[in-house]
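Undergrad: Shown below is the structure under consideration.
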Amino acid sequence: MKYPLFSNNPMNTKSDFQKLVKDLFDPLIPYYQRQGSQIDFDEGGACFDMRSSSLEGVARPLWGLVPLEMGGGHFEHWGLMRALIIEGTDPNSAGYWGELHDVDQRSVEMAAIGFFMILLPQQAWHPLTELEKQNLATWLASIQYKETSHNNWLFFTVIIQQALKDVGRIDLVDLALQQQFLEKLKNWYLGDGWYGDGGIETIDHYGGFALHYYGLLYATKFNHQNDELAKLFKSRSDAFARPFSYWFSENGDTLVQGRSLTYRFACCGFWGAYALADNTVFTPGQIKGLWARHLRRWKDKPIFTHTGILTRGYDYPNLQMCEVYNSPTSPYWAMKAFLPLMLDDDHSFWISEETSLDYPAQIQAMPANKTIAQRVDGHSIVHYGAAVHPLFQLDKYNKFAYTTFGGMDINALLYSEKLSFGDNIFALSFDSGCNWKMRQKNLNVIVEDTRLIINWCSGNTVVCTTIDVQPDGKCVRTHCFESLEDVWVVETGFAVGKWYQEEKQLITNEKNEIDIIIEGSNGISAIKSLDNHVKTAHVSTRINSDVSFPRSAVPFLLTKLEAGKHTLSSQFSMNDN
């Protein structure tokens, strides 16, 4: 459902956004009052225990509430928030959130409480009794003695250590561990502003709403002792701003790619954090425009329950797209969008008019993250050769293109035995369509100006895919492979939405000309075969497997080949209506 207090907010002025944070928070109050620190929406669970989910529901709103208070927006429920934290960190309380274990979701949420302590100690720390302070400090400090995920999670330990130092508990801080973690975080930098999220070099929104986000907080708001590192984090964010801007359309849509999209407007968190920095590569008005336009793109999306609670999903409630770690309270990481609220009313960010960006390069190679970005009709298409994340749904990382037009199917091979496929994949079947394989792992990737070459494999099959990016939303994908047996091959194009209306189709399926064009709510998707293979053109109707549309349509070409070496080539395009 839509939430009127969200949808009807004009989202123009600082006071609009201050009200927005309060209106997002208010539906949580009855749960806090009724359930205390064990908040539960009765909407299912995640891979971790429900106490961790409850902790999420208390901690994650702090990412928005703390900036609200710091920037002069009065928040009247600090007493309630303190009571929940006191209860949740008291080992003798029935509401205790529990001891930390290895690779524990609790460590993620501890960071929000650390953020609270660093920036608002007068609310988070000073009112506590000595016993309450001891409970909180020792519970937080335990993060240093448990194994953690070696990705953006390392920043959680750094944040908590900073909080403990700031409140006078440096005796609980392992300084050697802090230095070790900061060195690891530094070394995940790939160049040109891009981080890989850990050793597997994953490229997704975690670069913006996690790694750069925490680095900018470290550089601008933490009382650290490492000016050199702070300058490094700031300079890397400067390098990131221009290429990352390609992940946003002129109307505020962002690239629909990667895991954790259920955090929704956290995707503009980088722009909110970048607003805190001085001497940025974009003007305050440009940063504000990127930030505010993205928040406003959510105004008319049915992303809430009838009481105003954020649901799991992206453009609509959808559990199919969720990762195993998405609990009912997880979407409140969206509150990370609101860092600019801590800026004074007369800060240049707030007094500047929103302005748009110019993109002098309509096709921009990004070798550091193994992609090529393409601007078309105010939107972006990102041709993708970055690492395939092995722990999550393959479609979030293995498609040949992702777009700000929307339309990412997260179960591309669901119903493939019925010849129904998701967008932007190349799939093979060696049993006449009963079972299908798509890209599982990249072997090597080369970026050359407007050309992306990906050698990849799926099981024992190795394919070389060359993507030549052309003007006006077009690209040519050429796939070379050898099969020792007969094989069916599918090439799919961009998805279009058909939520409330059927797509329009135009198919030419003759001997020497095979074209398919479909038009939906988000634009026009087309495929044109460029080789001499016999192909048939089709359209899949996909239900609840696309994160943007409950009903979507995907064009594809089907080819049946004998054993041998083969080269298939087709032109794909996506354009606005």
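Please note that chains go A, B, ... in the order of the structure tokens, that every chain numbers its residues from 1, and that ligands are numbered from 1 in the order shown.
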Within 7 Å of A:Gly71, counting only C-alpha atoms, which residues show up once you throw out same-chain ones fewer than 2 positions away? Write them as a compact mmCIF listing (two decimals) with N, CA, C and O atoms, in the first residue's frame, please.

TA:
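Wrote it out as around-v4.txt, contents follow:
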# COMPACT_ATOMS: atom_id res chain seq x y z
N PRO A 67 20.57 12.18 12.75
CA PRO A 67 20.71 13.40 11.95
C PRO A 67 19.55 14.38 12.16
O PRO A 67 19.76 15.60 12.16
N LEU A 68 18.34 13.86 12.33
CA LEU A 68 17.19 14.72 12.57
C LEU A 68 17.42 15.60 13.79
O LEU A 68 17.24 16.83 13.74
N GLU A 69 17.84 15.02 14.88
CA GLU A 69 18.08 15.77 16.12
C GLU A 69 19.27 16.71 15.99
O GLU A 69 19.22 17.86 16.45
N GLY A 73 15.93 19.28 14.26
CA GLY A 73 14.58 18.73 14.18
C GLY A 73 14.26 17.99 15.46
O GLY A 73 14.78 16.90 15.71
N LEU A 341 20.21 15.81 7.05
CA LEU A 341 19.40 16.51 8.05
C LEU A 341 20.24 17.05 9.19
O LEU A 341 19.80 17.95 9.92
N MET A 342 21.47 16.56 9.37
CA MET A 342 22.32 17.09 10.43
C MET A 342 22.95 18.43 10.05
O MET A 342 23.52 19.11 10.90
N LEU A 343 22.87 18.83 8.78
CA LEU A 343 23.43 20.10 8.34
C LEU A 343 22.53 21.26 8.78
O LEU A 343 21.30 21.15 8.79
N ASP A 344 23.16 22.39 9.11
CA ASP A 344 22.40 23.56 9.55
C ASP A 344 21.45 24.05 8.46
O ASP A 344 21.67 23.83 7.26

Undergrad: What parts of stretch 3-203 of chain A does DSSP call strand (DSSP E)? I'd like the answer as a list in words.

TA: Tyr189, Leu190, Gly191, Trp194 and Tyr195 of chain A

Undergrad: Report as an mmCIF file with N, CA and C atoms, in the first residue's frame all protein, DNA and RNA residues lying within 10 Å of A:Ala526, evaluated on only C-alpha atoms, omitting residues in the same chain fewer than 4 positions from it.

TA:
data_model
loop_
_atom_site.group_PDB
_atom_site.id
_atom_site.type_symbol
_atom_site.label_atom_id
_atom_site.label_comp_id
_atom_site.auth_asym_id
_atom_site.auth_seq_id
_atom_site.Cartn_x
_atom_site.Cartn_y
_atom_site.Cartn_z
ATOM 1 N N LYS A 474 21.643 1.168 -27.723
ATOM 2 C CA LYS A 474 21.869 -0.107 -28.402
ATOM 3 C C LYS A 474 23.175 -0.749 -27.946
ATOM 4 N N THR A 492 18.139 -13.270 -24.104
ATOM 5 C CA THR A 492 17.016 -12.437 -23.647
ATOM 6 C C THR A 492 17.407 -10.966 -23.619
ATOM 7 N N GLY A 493 16.392 -10.116 -23.767
ATOM 8 C CA GLY A 493 16.596 -8.674 -23.771
ATOM 9 C C GLY A 493 16.107 -8.017 -22.497
ATOM 10 N N PHE A 494 15.857 -6.728 -22.586
ATOM 11 C CA PHE A 494 15.449 -5.941 -21.424
ATOM 12 C C PHE A 494 13.968 -6.164 -21.113
ATOM 13 N N ALA A 495 13.647 -6.181 -19.826
ATOM 14 C CA ALA A 495 12.264 -6.375 -19.388
ATOM 15 C C ALA A 495 11.483 -5.074 -19.462
ATOM 16 N N GLN A 505 3.430 -5.612 -28.797
ATOM 17 C CA GLN A 505 4.444 -6.463 -29.426
ATOM 18 C C GLN A 505 4.469 -6.262 -30.933
ATOM 19 N N LEU A 506 5.699 -6.280 -31.460
ATOM 20 C CA LEU A 506 5.890 -6.319 -32.894
ATOM 21 C C LEU A 506 6.982 -7.332 -33.168
ATOM 22 N N ILE A 507 6.645 -8.421 -33.840
ATOM 23 C CA ILE A 507 7.597 -9.497 -34.105
ATOM 24 C C ILE A 507 7.676 -9.750 -35.605
ATOM 25 N N ASP A 515 13.260 -9.926 -35.822
ATOM 26 C CA ASP A 515 13.210 -8.769 -34.934
ATOM 27 C C ASP A 515 12.081 -8.967 -33.938
ATOM 28 N N ILE A 516 12.265 -8.399 -32.776
ATOM 29 C CA ILE A 516 11.178 -8.368 -31.807
ATOM 30 C C ILE A 516 11.261 -7.057 -31.044
ATOM 31 N N ILE A 517 10.141 -6.365 -30.951
ATOM 32 C CA ILE A 517 10.053 -5.091 -30.241
ATOM 33 C C ILE A 517 8.847 -5.175 -29.312
ATOM 34 N N ILE A 518 9.058 -4.846 -28.042
ATOM 35 C CA ILE A 518 7.936 -4.804 -27.103
ATOM 36 C C ILE A 518 7.971 -3.488 -26.349
ATOM 37 N N GLU A 519 6.799 -2.961 -26.062
ATOM 38 C CA GLU A 519 6.684 -1.687 -25.344
ATOM 39 C C GLU A 519 5.874 -1.900 -24.085
ATOM 40 N N VAL A 554 9.443 -10.098 -21.161
ATOM 41 C CA VAL A 554 10.846 -10.199 -21.564
ATOM 42 C C VAL A 554 10.908 -10.796 -22.967
ATOM 43 N N PRO A 555 11.528 -10.109 -23.924
ATOM 44 C CA PRO A 555 11.698 -10.683 -25.259
ATOM 45 C C PRO A 555 12.903 -11.615 -25.299
ATOM 46 N N PHE A 556 12.809 -12.681 -26.097
ATOM 47 C CA PHE A 556 13.972 -13.554 -26.237
ATOM 48 C C PHE A 556 13.964 -14.267 -27.580
ATOM 49 N N GLN A 571 21.562 -7.689 -31.719
ATOM 50 C CA GLN A 571 21.544 -6.320 -31.209
ATOM 51 C C GLN A 571 20.375 -6.152 -30.243
ATOM 52 N N PHE A 572 20.672 -5.524 -29.103
ATOM 53 C CA PHE A 572 19.666 -5.279 -28.078
ATOM 54 C C PHE A 572 19.560 -3.781 -27.855
ATOM 55 N N SER A 573 18.373 -3.328 -27.459
ATOM 56 C CA SER A 573 18.225 -1.913 -27.133
ATOM 57 C C SER A 573 17.127 -1.713 -26.105
ATOM 58 N N MET A 574 17.253 -0.601 -25.372
ATOM 59 C CA MET A 574 16.228 -0.174 -24.430
ATOM 60 C C MET A 574 16.114 1.336 -24.548
ATOM 61 N N ASN A 575 14.891 1.825 -24.739
ATOM 62 C CA ASN A 575 14.663 3.260 -24.879
ATOM 63 C C ASN A 575 13.394 3.664 -24.150
#

Undergrad: Where does DSSP see helix (DSSP H, G or I) in stretch 68-128 of chain A, if you list the residues as a ChimeraX atom specification?

TA: /A:68-70,78-88,105-119,121-124

Undergrad: Find the residue from A:Arg477, A:His150, A:Lys221, A:Arg542 that sits nearest to A:Tyr415; use only C-alpha atoms when measuring.

TA: A:Arg542

Undergrad: Interatomic distance between atom CA of A:Lys2 and atom CA of A:Ser15?

TA: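 About the pair atom CA of A:Lys2 and atom CA of A:Ser15: they are 21.3 Å apart.
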
Undergrad: Which of these, A:Val547, A:Ala141, A:Leu339, A:Leu276, has the shortest distance to A:Leu319 once you count only C-alpha atoms?

TA: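 Smallest separation from A:Leu319 among the options: A:Val547.
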
Undergrad: Stretch 60-62 of chain A: which residues within 6 Å, counting only C-alpha atoms, same-chain residues fewer than 3 positions away excluded, as a PDB file with N, CA and C atoms, in the first residue's frame?

TA:
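selection.pdb written:
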ATOM      1  N   GLU A  56      17.282  -5.106  14.993  1.00  0.00           N
ATOM      2  CA  GLU A  56      17.202  -4.319  13.763  1.00  0.00           C
ATOM      3  C   GLU A  56      16.102  -3.264  13.868  1.00  0.00           C
ATOM      4  N   LEU A  65      17.120   9.165  12.773  1.00  0.00           N
ATOM      5  CA  LEU A  65      16.738   9.961  13.942  1.00  0.00           C
ATOM      6  C   LEU A  65      17.889  10.813  14.471  1.00  0.00           C
ATOM      7  N   VAL A  66      19.098  10.269  14.431  1.00  0.00           N
ATOM      8  CA  VAL A  66      20.251  11.025  14.935  1.00  0.00           C
ATOM      9  C   VAL A  66      20.497  12.275  14.089  1.00  0.00           C
ATOM     10  N   TYR A 332      14.393  -0.939   7.318  1.00  0.00           N
ATOM     11  CA  TYR A 332      14.655   0.348   7.961  1.00  0.00           C
ATOM     12  C   TYR A 332      16.097   0.822   7.843  1.00  0.00           C
ATOM     13  N   TRP A 333      16.930   0.050   7.149  1.00  0.00           N
ATOM     14  CA  TRP A 333      18.231   0.594   6.747  1.00  0.00           C
ATOM     15  C   TRP A 333      18.018   1.741   5.757  1.00  0.00           C
ATOM     16  N   MET A 335      16.689   4.323   6.360  1.00  0.00           N
ATOM     17  CA  MET A 335      16.886   5.557   7.117  1.00  0.00           C
ATOM     18  C   MET A 335      18.306   6.115   6.964  1.00  0.00           C
TER      19      MET A 335
END
